[in-house]
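Structure file run.pdb (PDB, C-alpha atoms and all ligand atoms) is printed below.
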ATOM      1  CA  SER A   1     151.301 -17.798  71.842
ATOM      2  CA  LYS A   2     153.490 -17.189  74.875
ATOM      3  CA  MET A   3     152.549 -19.368  77.801
ATOM      4  CA  LYS A   4     151.170 -17.344  80.668
ATOM      5  CA  THR A   5     152.366 -18.759  83.952
ATOM      6  CA  GLY A   6     151.998 -15.738  86.245
ATOM      7  CA  LEU A   7     153.652 -16.233  89.599
ATOM      8  CA  ILE A   8     156.253 -18.932  90.141
ATOM      9  CA  TRP A   9     157.587 -20.532  93.322
ATOM     10  CA  PHE A  10     161.321 -20.148  92.700
ATOM     11  CA  ASN A  11     163.738 -21.651  95.234
ATOM     12  CA  GLY A  12     161.246 -21.050  98.006
ATOM     13  CA  HIS A  13     159.867 -17.621  97.086
ATOM     14  CA  ILE A  14     156.897 -16.546  94.989
ATOM     15  CA  VAL A  15     158.164 -14.307  92.160
ATOM     16  CA  PRO A  16     156.785 -13.023  88.819
ATOM     17  CA  GLN A  17     157.664 -15.206  85.811
ATOM     18  CA  GLU A  18     160.105 -12.535  84.511
ATOM     19  CA  GLU A  19     162.179 -12.862  87.656
ATOM     20  CA  ALA A  20     162.364 -16.670  87.639
ATOM     21  CA  LYS A  21     165.509 -16.845  85.489
ATOM     22  CA  VAL A  22     168.549 -19.105  85.192
ATOM     23  CA  SER A  23     171.993 -18.893  83.596
ATOM     24  CA  VAL A  24     172.743 -20.200  80.097
ATOM     25  CA  LEU A  25     175.453 -22.269  81.835
ATOM     26  CA  THR A  26     172.820 -24.251  83.729
ATOM     27  CA  HIS A  27     173.926 -27.919  83.730
ATOM     28  CA  ALA A  28     170.364 -29.114  83.042
ATOM     29  CA  LEU A  29     170.150 -27.009  79.878
ATOM     30  CA  HIS A  30     173.233 -28.748  78.479
ATOM     31  CA  TYR A  31     172.696 -32.338  79.648
ATOM     32  CA  GLY A  32     169.019 -32.782  80.575
ATOM     33  CA  THR A  33     169.862 -33.099  84.273
ATOM     34  CA  SER A  34     166.501 -32.152  85.721
ATOM     35  CA  VAL A  35     163.649 -34.015  87.357
ATOM     36  CA  PHE A  36     160.056 -32.894  87.247
ATOM     37  CA  GLU A  37     156.416 -33.640  87.935
ATOM     38  CA  GLY A  38     153.156 -33.003  86.123
ATOM     39  CA  ILE A  39     150.181 -32.451  88.417
ATOM     40  CA  ARG A  40     146.677 -31.099  87.924
ATOM     41  CA  ALA A  41     144.471 -29.010  90.170
ATOM     42  CA  TYR A  42     140.740 -29.124  89.474
ATOM     43  CA  GLU A  43     137.809 -26.918  90.283
ATOM     44  CA  THR A  44     135.658 -28.681  92.872
ATOM     45  CA  PRO A  45     132.562 -27.657  94.876
ATOM     46  CA  LYS A  46     134.981 -26.752  97.716
ATOM     47  CA  GLY A  47     137.332 -24.671  95.553
ATOM     48  CA  PRO A  48     140.452 -25.790  93.698
ATOM     49  CA  ALA A  49     142.002 -29.083  94.787
ATOM     50  CA  VAL A  50     145.266 -30.731  93.773
ATOM     51  CA  PHE A  51     144.818 -34.350  92.664
ATOM     52  CA  ARG A  52     147.039 -36.914  94.426
ATOM     53  CA  LEU A  53     149.511 -34.333  95.683
ATOM     54  CA  LYS A  54     151.219 -36.770  98.065
ATOM     55  CA  GLU A  55     151.936 -39.335  95.340
ATOM     56  CA  HIS A  56     153.289 -36.710  92.938
ATOM     57  CA  VAL A  57     155.581 -35.156  95.553
ATOM     58  CA  GLU A  58     156.772 -38.611  96.543
ATOM     59  CA  ARG A  59     157.613 -39.465  92.922
ATOM     60  CA  PHE A  60     159.397 -36.101  92.585
ATOM     61  CA  PHE A  61     161.669 -36.957  95.519
ATOM     62  CA  HIS A  62     162.195 -40.483  94.194
ATOM     63  CA  SER A  63     163.238 -39.079  90.800
ATOM     64  CA  ALA A  64     165.703 -36.784  92.602
ATOM     65  CA  LYS A  65     167.049 -39.760  94.542
ATOM     66  CA  VAL A  66     167.684 -41.706  91.334
ATOM     67  CA  MET A  67     169.732 -38.760  90.029
ATOM     68  CA  MET A  68     171.412 -38.178  93.419
ATOM     69  CA  PHE A  69     170.084 -34.615  93.505
ATOM     70  CA  GLU A  70     169.969 -32.994  96.924
ATOM     71  CA  LEU A  71     166.753 -31.029  97.200
ATOM     72  CA  PRO A  72     167.121 -28.156  99.665
ATOM     73  CA  PHE A  73     163.424 -28.435 100.602
ATOM     74  CA  THR A  74     161.350 -31.032 102.416
ATOM     75  CA  PRO A  75     158.390 -32.774 100.747
ATOM     76  CA  GLU A  76     156.160 -30.647 103.002
ATOM     77  CA  GLN A  77     157.790 -27.436 101.739
ATOM     78  CA  VAL A  78     157.448 -28.502  98.084
ATOM     79  CA  SER A  79     153.802 -29.469  98.715
ATOM     80  CA  GLU A  80     153.175 -26.047 100.249
ATOM     81  CA  GLY A  81     154.959 -24.454  97.262
ATOM     82  CA  ILE A  82     152.617 -26.310  94.899
ATOM     83  CA  LEU A  83     149.516 -25.202  96.811
ATOM     84  CA  SER A  84     150.778 -21.624  97.037
ATOM     85  CA  VAL A  85     151.317 -21.388  93.261
ATOM     86  CA  VAL A  86     147.700 -22.365  92.611
ATOM     87  CA  ARG A  87     146.496 -20.025  95.372
ATOM     88  CA  GLU A  88     148.649 -16.998  94.421
ATOM     89  CA  ASN A  89     147.634 -17.224  90.753
ATOM     90  CA  SER A  90     143.942 -17.616  91.701
ATOM     91  CA  TYR A  91     143.589 -20.524  89.294
ATOM     92  CA  LYS A  92     140.358 -22.504  89.482
ATOM     93  CA  SER A  93     142.037 -25.361  87.668
ATOM     94  CA  CYS A  94     145.532 -25.687  86.230
ATOM     95  CA  TYR A  95     148.464 -27.888  85.323
ATOM     96  CA  ILE A  96     151.340 -27.702  87.815
ATOM     97  CA  ARG A  97     155.003 -28.256  86.981
ATOM     98  CA  PRO A  98     157.504 -28.770  89.804
ATOM     99  CA  LEU A  99     161.067 -28.924  88.477
ATOM    100  CA  ALA A 100     164.430 -29.499  90.134
ATOM    101  CA  TRP A 101     167.604 -29.001  88.164
ATOM    102  CA  MET A 102     171.345 -28.873  88.287
ATOM    103  CA  GLY A 103     172.504 -25.274  88.138
ATOM    104  CA  ALA A 104     175.510 -23.380  86.825
ATOM    105  CA  THR A 105     178.279 -24.238  89.293
ATOM    106  CA  SER A 106     180.070 -26.777  87.078
ATOM    107  CA  LEU A 107     179.619 -27.948  83.490
ATOM    108  CA  GLY A 108     181.481 -31.257  83.781
ATOM    109  CA  VAL A 109     179.190 -34.110  82.802
ATOM    110  CA  ASN A 110     179.016 -35.310  86.414
ATOM    111  CA  PRO A 111     176.154 -33.151  87.693
ATOM    112  CA  LEU A 112     176.820 -33.605  91.405
ATOM    113  CA  PRO A 113     179.179 -30.623  91.923
ATOM    114  CA  ASN A 114     176.046 -28.562  91.184
ATOM    115  CA  ASN A 115     174.260 -29.924  94.273
ATOM    116  CA  PRO A 116     172.053 -28.829  95.914
ATOM    117  CA  ALA A 117     169.512 -28.708  93.096
ATOM    118  CA  GLU A 118     167.475 -25.617  92.358
ATOM    119  CA  VAL A 119     163.720 -26.051  92.590
ATOM    120  CA  MET A 120     160.744 -24.246  91.126
ATOM    121  CA  VAL A 121     157.014 -24.767  90.730
ATOM    122  CA  ALA A 122     155.101 -23.145  87.865
ATOM    123  CA  ALA A 123     151.458 -23.560  86.875
ATOM    124  CA  TRP A 124     149.332 -22.645  83.896
ATOM    125  CA  GLU A 125     145.815 -23.172  82.618
ATOM    126  CA  TRP A 126     145.817 -26.154  80.292
ATOM    127  CA  GLY A 127     142.900 -27.885  78.563
ATOM    128  CA  THR A 128     142.822 -31.364  77.056
ATOM    129  CA  TYR A 129     146.341 -32.478  76.171
ATOM    130  CA  LEU A 130     145.559 -34.518  73.062
ATOM    131  CA  GLY A 131     142.903 -32.081  71.832
ATOM    132  CA  ASP A 132     139.131 -31.788  72.292
ATOM    133  CA  GLU A 133     138.496 -33.807  69.156
ATOM    134  CA  ALA A 134     140.654 -36.697  70.406
ATOM    135  CA  VAL A 135     138.622 -36.779  73.604
ATOM    136  CA  ARG A 136     135.325 -36.965  71.698
ATOM    137  CA  LYS A 137     136.265 -39.126  68.722
ATOM    138  CA  GLY A 138     139.383 -40.886  69.933
ATOM    139  CA  ALA A 139     143.051 -40.167  69.292
ATOM    140  CA  ARG A 140     144.877 -41.537  66.264
ATOM    141  CA  LEU A 141     148.063 -43.310  67.290
ATOM    142  CA  ILE A 142     151.023 -44.530  65.326
ATOM    143  CA  THR A 143     153.741 -46.846  66.521
ATOM    144  CA  SER A 144     156.966 -44.917  66.776
ATOM    145  CA  SER A 145     160.177 -45.922  65.065
ATOM    146  CA  TRP A 146     161.812 -44.740  68.317
ATOM    147  CA  ALA A 147     161.815 -47.507  70.918
ATOM    148  CA  ARG A 148     161.261 -46.799  74.609
ATOM    149  CA  PHE A 149     164.717 -47.060  76.154
ATOM    150  CA  PRO A 150     165.639 -50.194  78.128
ATOM    151  CA  ALA A 151     165.954 -49.965  81.918
ATOM    152  CA  ASN A 152     169.750 -50.212  81.733
ATOM    153  CA  VAL A 153     169.935 -47.252  79.349
ATOM    154  CA  MET A 154     167.780 -44.595  81.038
ATOM    155  CA  PRO A 155     165.847 -44.470  84.339
ATOM    156  CA  GLY A 156     162.341 -44.643  82.893
ATOM    157  CA  LYS A 157     160.691 -44.925  86.311
ATOM    158  CA  ALA A 158     162.022 -41.489  87.185
ATOM    159  CA  LYS A 159     160.713 -38.324  85.553
ATOM    160  CA  VAL A 160     164.102 -37.103  84.384
ATOM    161  CA  GLY A 161     164.265 -34.245  81.874
ATOM    162  CA  GLY A 162     166.666 -36.084  79.572
ATOM    163  CA  ASN A 163     164.270 -39.040  79.267
ATOM    164  CA  TYR A 164     161.922 -36.746  77.390
ATOM    165  CA  VAL A 165     164.217 -36.495  74.375
ATOM    166  CA  ASN A 166     162.904 -39.990  73.592
ATOM    167  CA  SER A 167     159.313 -38.802  74.090
ATOM    168  CA  ALA A 168     159.890 -35.628  72.059
ATOM    169  CA  LEU A 169     161.330 -37.549  69.087
ATOM    170  CA  ALA A 170     158.377 -39.937  69.132
ATOM    171  CA  ARG A 171     155.857 -37.125  69.383
ATOM    172  CA  ILE A 172     157.459 -35.108  66.585
ATOM    173  CA  GLU A 173     157.353 -38.187  64.377
ATOM    174  CA  ALA A 174     153.683 -38.874  65.205
ATOM    175  CA  HIS A 175     152.675 -35.280  64.460
ATOM    176  CA  GLN A 176     154.626 -35.231  61.202
ATOM    177  CA  ALA A 177     152.726 -38.364  60.205
ATOM    178  CA  GLY A 178     149.385 -36.675  60.977
ATOM    179  CA  ALA A 179     148.674 -38.687  64.136
ATOM    180  CA  ASP A 180     147.724 -37.334  67.570
ATOM    181  CA  GLU A 181     150.159 -39.358  69.627
ATOM    182  CA  ALA A 182     152.945 -41.934  69.423
ATOM    183  CA  LEU A 183     152.911 -45.449  70.808
ATOM    184  CA  LEU A 184     156.353 -46.598  71.906
ATOM    185  CA  LEU A 185     157.414 -50.231  72.022
ATOM    186  CA  ASP A 186     160.172 -51.578  74.237
ATOM    187  CA  LYS A 187     163.304 -53.055  72.696
ATOM    188  CA  GLU A 188     161.696 -56.538  72.548
ATOM    189  CA  GLY A 189     158.779 -55.078  70.591
ATOM    190  CA  PHE A 190     156.190 -55.139  73.381
ATOM    191  CA  VAL A 191     153.999 -52.106  73.958
ATOM    192  CA  ALA A 192     155.545 -49.750  76.523
ATOM    193  CA  GLU A 193     153.553 -46.487  76.649
ATOM    194  CA  GLY A 194     152.744 -43.240  74.873
ATOM    195  CA  SER A 195     155.168 -40.312  74.853
ATOM    196  CA  GLY A 196     153.510 -39.107  78.072
ATOM    197  CA  GLU A 197     150.725 -41.593  78.827
ATOM    198  CA  ASN A 198     150.187 -45.134  80.039
ATOM    199  CA  LEU A 199     148.000 -47.447  78.016
ATOM    200  CA  PHE A 200     144.995 -49.680  78.708
ATOM    201  CA  PHE A 201     142.766 -51.832  76.509
ATOM    202  CA  PHE A 202     139.487 -53.701  76.749
ATOM    203  CA  LYS A 203     138.630 -57.162  75.431
ATOM    204  CA  GLY A 204     134.911 -57.365  76.077
ATOM    205  CA  SER A 205     134.468 -55.934  79.546
ATOM    206  CA  THR A 206     137.844 -57.134  80.843
ATOM    207  CA  LEU A 207     140.281 -54.297  81.319
ATOM    208  CA  TYR A 208     143.933 -54.981  80.537
ATOM    209  CA  VAL A 209     146.682 -52.726  81.797
ATOM    210  CA  LEU A 210     150.251 -53.009  80.653
ATOM    211  CA  GLU A 211     152.575 -54.329  83.321
ATOM    212  CA  HIS A 212     155.408 -52.126  84.508
ATOM    213  CA  SER A 213     158.280 -53.002  82.247
ATOM    214  CA  VAL A 214     160.068 -49.898  81.062
ATOM    215  CA  ASN A 215     157.159 -47.492  81.471
ATOM    216  CA  LEU A 216     156.562 -44.797  84.045
ATOM    217  CA  MET A 217     154.513 -45.879  87.071
ATOM    218  CA  GLY A 218     151.734 -43.467  86.248
ATOM    219  CA  ILE A 219     149.577 -42.055  88.987
ATOM    220  CA  THR A 220     146.591 -41.816  86.625
ATOM    221  CA  ARG A 221     147.128 -45.490  85.751
ATOM    222  CA  ASP A 222     146.888 -46.317  89.437
ATOM    223  CA  SER A 223     143.763 -44.141  89.875
ATOM    224  CA  VAL A 224     142.041 -45.687  86.845
ATOM    225  CA  ILE A 225     142.751 -49.238  88.068
ATOM    226  CA  THR A 226     141.108 -48.388  91.413
ATOM    227  CA  ILE A 227     138.122 -46.693  89.769
ATOM    228  CA  ALA A 228     137.645 -49.558  87.275
ATOM    229  CA  ARG A 229     137.691 -52.171  90.059
ATOM    230  CA  ASP A 230     135.198 -50.069  92.055
ATOM    231  CA  LEU A 231     132.922 -50.053  88.977
ATOM    232  CA  GLY A 232     133.098 -53.857  88.888
ATOM    233  CA  TYR A 233     135.510 -54.343  86.000
ATOM    234  CA  GLU A 234     137.974 -57.178  86.119
ATOM    235  CA  VAL A 235     141.452 -55.678  85.694
ATOM    236  CA  ARG A 236     144.380 -57.786  84.503
ATOM    237  CA  GLU A 237     148.012 -56.816  84.061
ATOM    238  CA  CYS A 238     149.613 -58.046  80.875
ATOM    239  CA  ARG A 239     152.362 -57.652  78.372
ATOM    240  CA  ALA A 240     150.930 -56.818  74.943
ATOM    241  CA  THR A 241     152.084 -56.639  71.362
ATOM    242  CA  ARG A 242     150.927 -54.033  68.883
ATOM    243  CA  ASP A 243     148.810 -56.542  66.949
ATOM    244  CA  GLN A 244     147.031 -57.427  70.203
ATOM    245  CA  LEU A 245     146.004 -53.777  70.348
ATOM    246  CA  TYR A 246     144.770 -53.896  66.731
ATOM    247  CA  MET A 247     142.435 -56.714  67.883
ATOM    248  CA  ALA A 248     141.271 -54.986  71.088
ATOM    249  CA  ASP A 249     137.695 -53.749  71.459
ATOM    250  CA  GLU A 250     138.789 -50.465  73.039
ATOM    251  CA  VAL A 251     142.140 -48.798  73.679
ATOM    252  CA  PHE A 252     142.759 -45.693  75.768
ATOM    253  CA  MET A 253     145.601 -43.636  77.141
ATOM    254  CA  VAL A 254     145.886 -42.117  80.596
ATOM    255  CA  GLY A 255     148.085 -39.490  82.177
ATOM    256  CA  THR A 256     147.835 -36.377  84.292
ATOM    257  CA  ALA A 257     147.833 -34.196  81.159
ATOM    258  CA  ALA A 258     145.855 -36.589  78.906
ATOM    259  CA  GLU A 259     143.459 -37.673  81.712
ATOM    260  CA  VAL A 260     141.506 -40.564  80.095
ATOM    261  CA  THR A 261     141.623 -40.263  76.301
ATOM    262  CA  PRO A 262     140.078 -42.865  73.980
ATOM    263  CA  VAL A 263     142.094 -44.169  71.035
ATOM    264  CA  SER A 264     140.247 -44.556  67.733
ATOM    265  CA  SER A 265     143.010 -46.021  65.592
ATOM    266  CA  LEU A 266     146.489 -47.460  65.794
ATOM    267  CA  ASP A 267     148.708 -47.564  62.714
ATOM    268  CA  HIS A 268     145.666 -46.777  60.512
ATOM    269  CA  ARG A 269     143.676 -49.737  61.869
ATOM    270  CA  ALA A 270     140.409 -48.748  63.522
ATOM    271  CA  ILE A 271     140.162 -49.951  67.125
ATOM    272  CA  GLY A 272     136.800 -51.656  67.673
ATOM    273  CA  SER A 273     134.144 -49.433  66.122
ATOM    274  CA  GLY A 274     136.738 -46.733  65.400
ATOM    275  CA  GLN A 275     135.013 -44.381  67.849
ATOM    276  CA  ALA A 276     135.478 -43.558  71.506
ATOM    277  CA  GLY A 277     134.692 -46.812  73.346
ATOM    278  CA  GLU A 278     131.721 -47.161  75.675
ATOM    279  CA  HIS A 279     133.644 -48.603  78.657
ATOM    280  CA  THR A 280     136.419 -46.060  78.116
ATOM    281  CA  MET A 281     133.968 -43.170  78.245
ATOM    282  CA  ARG A 282     132.410 -44.601  81.394
ATOM    283  CA  LEU A 283     135.850 -44.676  83.023
ATOM    284  CA  ARG A 284     136.614 -41.194  81.722
ATOM    285  CA  LYS A 285     133.419 -39.862  83.324
ATOM    286  CA  ALA A 286     134.158 -41.593  86.627
ATOM    287  CA  TYR A 287     137.742 -40.271  86.564
ATOM    288  CA  LEU A 288     136.584 -36.692  85.961
ATOM    289  CA  GLU A 289     134.014 -37.013  88.746
ATOM    290  CA  ALA A 290     136.763 -38.181  91.101
ATOM    291  CA  VAL A 291     139.214 -35.381  90.266
ATOM    292  CA  GLN A 292     136.475 -32.728  90.416
ATOM    293  CA  GLY A 293     135.382 -33.799  93.889
ATOM    294  CA  HIS A 294     132.023 -35.238  92.854
ATOM    295  CA  ASN A 295     132.608 -38.685  94.323
ATOM    296  CA  PRO A 296     133.240 -38.727  98.099
ATOM    297  CA  LYS A 297     134.827 -42.184  97.787
ATOM    298  CA  TYR A 298     137.887 -40.519  96.255
ATOM    299  CA  GLY A 299     137.940 -37.544  98.626
ATOM    300  CA  PRO A 300     141.283 -38.674 100.143
ATOM    301  CA  TRP A 301     142.909 -38.092  96.714
ATOM    302  CA  LEU A 302     142.198 -34.352  96.886
ATOM    303  CA  THR A 303     144.162 -31.643  98.688
ATOM    304  CA  TYR A 304     142.186 -28.429  98.869
ATOM    305  CA  VAL A 305     144.120 -25.287  98.049
ATOM    306  CA  ASN A 306     142.067 -23.151 100.472
ATOM    307  CA  PRO A 307     141.173 -25.541 103.292
TER     308      PRO A 307
HETATM  309  N1  LIG B 401     154.386 -42.157  80.894
HETATM  310  C1  LIG B 401     155.158 -41.081  80.665
HETATM  311  C2  LIG B 401     156.394 -41.237  79.854
HETATM  312  C3  LIG B 401     154.784 -39.824  81.179
HETATM  313  O1  LIG B 401     155.536 -38.753  80.955
HETATM  314  C4  LIG B 401     153.590 -39.713  81.929
HETATM  315  C5  LIG B 401     153.153 -38.380  82.449
HETATM  316  N2  LIG B 401     153.730 -38.112  83.716
HETATM  317  C6  LIG B 401     152.826 -40.871  82.147
HETATM  318  C7  LIG B 401     153.263 -42.068  81.615
HETATM  319  C8  LIG B 401     151.576 -40.814  82.979
HETATM  320  O2  LIG B 401     151.910 -40.594  84.322
HETATM  321  P1  LIG B 401     150.929 -39.852  85.317
HETATM  322  O3  LIG B 401     149.626 -40.548  85.231
HETATM  323  O4  LIG B 401     151.558 -40.011  86.653
HETATM  324  O5  LIG B 401     150.828 -38.441  84.879
END

Please render this file's structure as structure tokens.
Amino acid sequence: SKMKTGLIWFNGHIVPQEEAKVSVLTHALHYGTSVFEGIRAYETPKGPAVFRLKEHVERFFHSAKVMMFELPFTPEQVSEGILSVVRENSYKSCYIRPLAWMGATSLGVNPLPNNPAEVMVAAWEWGTYLGDEAVRKGARLITSSWARFPANVMPGKAKVGGNYVNSALARIEAHQAGADEALLLDKEGFVAEGSGENLFFFKGSTLYVLEHSVNLMGITRDSVITIARDLGYEVRECRATRDQLYMADEVFMVGTAAEVTPVSSLDHRAIGSGQAGEHTMRLRKAYLEAVQGHNPKYGPWLTYVNP
């Protein structure tokens, strides 16, 4: 089915999707020279609100800095573009995709002659990323034969389009193998992250979060750490191996798209009881309450679309 995205903020103007077009000679199409964000807006008692807008826009500009893209808009203008896309499409809740890319001025591999970057923000209605069943019963993971790239190969802390070739290969492989999602290891064999999610695990009631090695500094990861500490969980950062995960009591993945999704098995080994874990589901509930504006403690994380 064709994705319905309605109105798009395209280089500063709201236009219908059909008018938001680029050339086939776009540098980004050839070499993956784009940077992007993934953000969600949720329905709250005070209307739709964007979750952690400031942090997402900040990461967007940091990703552009890594690539030396000049963005012809300020963070305030991009933030307003994001809010306007939700508003103009009258979405109650949606997934929001800001993208900046190198255009069609020059197709040499050096992208910089294409500066300044072009920028757009699209949004669409999007349910659970790993599927409703994964959320209820837990996702089935397999370790990918594709390693997460080392820090001196690709800028994994930036959300660069080209990085997602690695994620796409891992996700294709996982789906072909009948799993819901891929787990990627770093080149030393330690657990890095999912194709688009950070990873946590429980031993008893101690929550372990993977340290930042080659993984993306996820905003959901940061939110879940705060929420878990507020609920009284001890949270420890660690480096973990895949067999450590086999022995964990609970494993779960987090990301803007995936939210908090329990993991039921890894490489055909059941995690804990093989069902969605109890602590995980408690964190999932608290996370959803936070994003949907039901917990005033996390009010500062919300930007209302219609203030
Ligand atoms: N890792 C990767 C590779 C991702 O693409 C994402 C999704 N942006 C995440 C982790 C989770 O990040 P966030 O919580 O900021 O969405």

Kindly indicate which residue among A:Ala228, A:Met217, A:Ala168, A:Leu83 lies nearest to ligand LIG 401 (chain B), using all atoms listed in the file for the distances.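 Using all atoms listed in the file, ligand LIG 401 (chain B) sits closest to A:Met217.
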
Near Ala240 of chain A, counting only C-alpha atoms, which residues have an atom at most 8 Å away, once you skip same-chain residues fewer than 3 positions from it, shown as JSON, numbers by chain? {"A": [190, 191, 210, 244, 245]}

Please produce a file of the residues just selected, as a tab-separated table (two decimals), keeping the file's coordinate frame, where the atoms kept are C-alpha atoms.
chain	number	residue	atom	x	y	z
A	190	PHE	CA	156.19	-55.14	73.38
A	191	VAL	CA	154.00	-52.11	73.96
A	210	LEU	CA	150.25	-53.01	80.65
A	244	GLN	CA	147.03	-57.43	70.20
A	245	LEU	CA	146.00	-53.78	70.35

The PyMOL selection byres (((chain A and resi 279) around 12) and not hetatm) resolved against shown file, as an NGL selection string: :A and (200-207 or 228 or 231-233 or 249-252 or 260-262 or 272 or 275-278 or 280-286)

Could you state which residues are captured by the PyMOL selection byres (((not hetatm)) within 9 of (chain B and resi 401)) in this file, as JSON, numbers by chain? {"A": [36, 37, 38, 39, 40, 55, 56, 59, 156, 157, 159, 163, 164, 167, 192, 193, 194, 195, 196, 197, 198, 199, 215, 216, 217, 218, 219, 220, 221, 222, 223, 253, 254, 255, 256, 257, 258, 259]}

Resulting file, chosen residues, C-alpha atoms, as a tab-separated table (two decimals), in the frame of the given file:
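Full text of out_3.tsv as output:
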chain	number	residue	atom	x	y	z
A	36	PHE	CA	160.06	-32.89	87.25
A	37	GLU	CA	156.42	-33.64	87.94
A	38	GLY	CA	153.16	-33.00	86.12
A	39	ILE	CA	150.18	-32.45	88.42
A	40	ARG	CA	146.68	-31.10	87.92
A	55	GLU	CA	151.94	-39.34	95.34
A	56	HIS	CA	153.29	-36.71	92.94
A	59	ARG	CA	157.61	-39.47	92.92
A	156	GLY	CA	162.34	-44.64	82.89
A	157	LYS	CA	160.69	-44.92	86.31
A	159	LYS	CA	160.71	-38.32	85.55
A	163	ASN	CA	164.27	-39.04	79.27
A	164	TYR	CA	161.92	-36.75	77.39
A	167	SER	CA	159.31	-38.80	74.09
A	192	ALA	CA	155.54	-49.75	76.52
A	193	GLU	CA	153.55	-46.49	76.65
A	194	GLY	CA	152.74	-43.24	74.87
A	195	SER	CA	155.17	-40.31	74.85
A	196	GLY	CA	153.51	-39.11	78.07
A	197	GLU	CA	150.72	-41.59	78.83
A	198	ASN	CA	150.19	-45.13	80.04
A	199	LEU	CA	148.00	-47.45	78.02
A	215	ASN	CA	157.16	-47.49	81.47
A	216	LEU	CA	156.56	-44.80	84.04
A	217	MET	CA	154.51	-45.88	87.07
A	218	GLY	CA	151.73	-43.47	86.25
A	219	ILE	CA	149.58	-42.06	88.99
A	220	THR	CA	146.59	-41.82	86.62
A	221	ARG	CA	147.13	-45.49	85.75
A	222	ASP	CA	146.89	-46.32	89.44
A	223	SER	CA	143.76	-44.14	89.88
A	253	MET	CA	145.60	-43.64	77.14
A	254	VAL	CA	145.89	-42.12	80.60
A	255	GLY	CA	148.08	-39.49	82.18
A	256	THR	CA	147.84	-36.38	84.29
A	257	ALA	CA	147.83	-34.20	81.16
A	258	ALA	CA	145.85	-36.59	78.91
A	259	GLU	CA	143.46	-37.67	81.71

Would you please work out which residue, of A:Met67, A:Asn89, A:Pro45, A:Phe10, is nearest to Pro296 of chain A when using all atoms listed in the file?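 Under the stated criterion, the closest residue is A:Pro45.
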
Selected residue, from A:Met247, A:Met120, A:Val263, A:Val86, that lies nearest to Pro48 of chain A when counting all atoms listed in the file: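 Answer, going by the shortest atom-to-atom distance: A:Val86.
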
Here is a test: counting only C-alpha atoms, which residue of A:Gly103, A:Tyr129, A:Val305, A:Ala147 is nearest to Gly81 of chain A?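 Ranked by minimum distance to Gly81 of chain A, first place goes to A:Val305.
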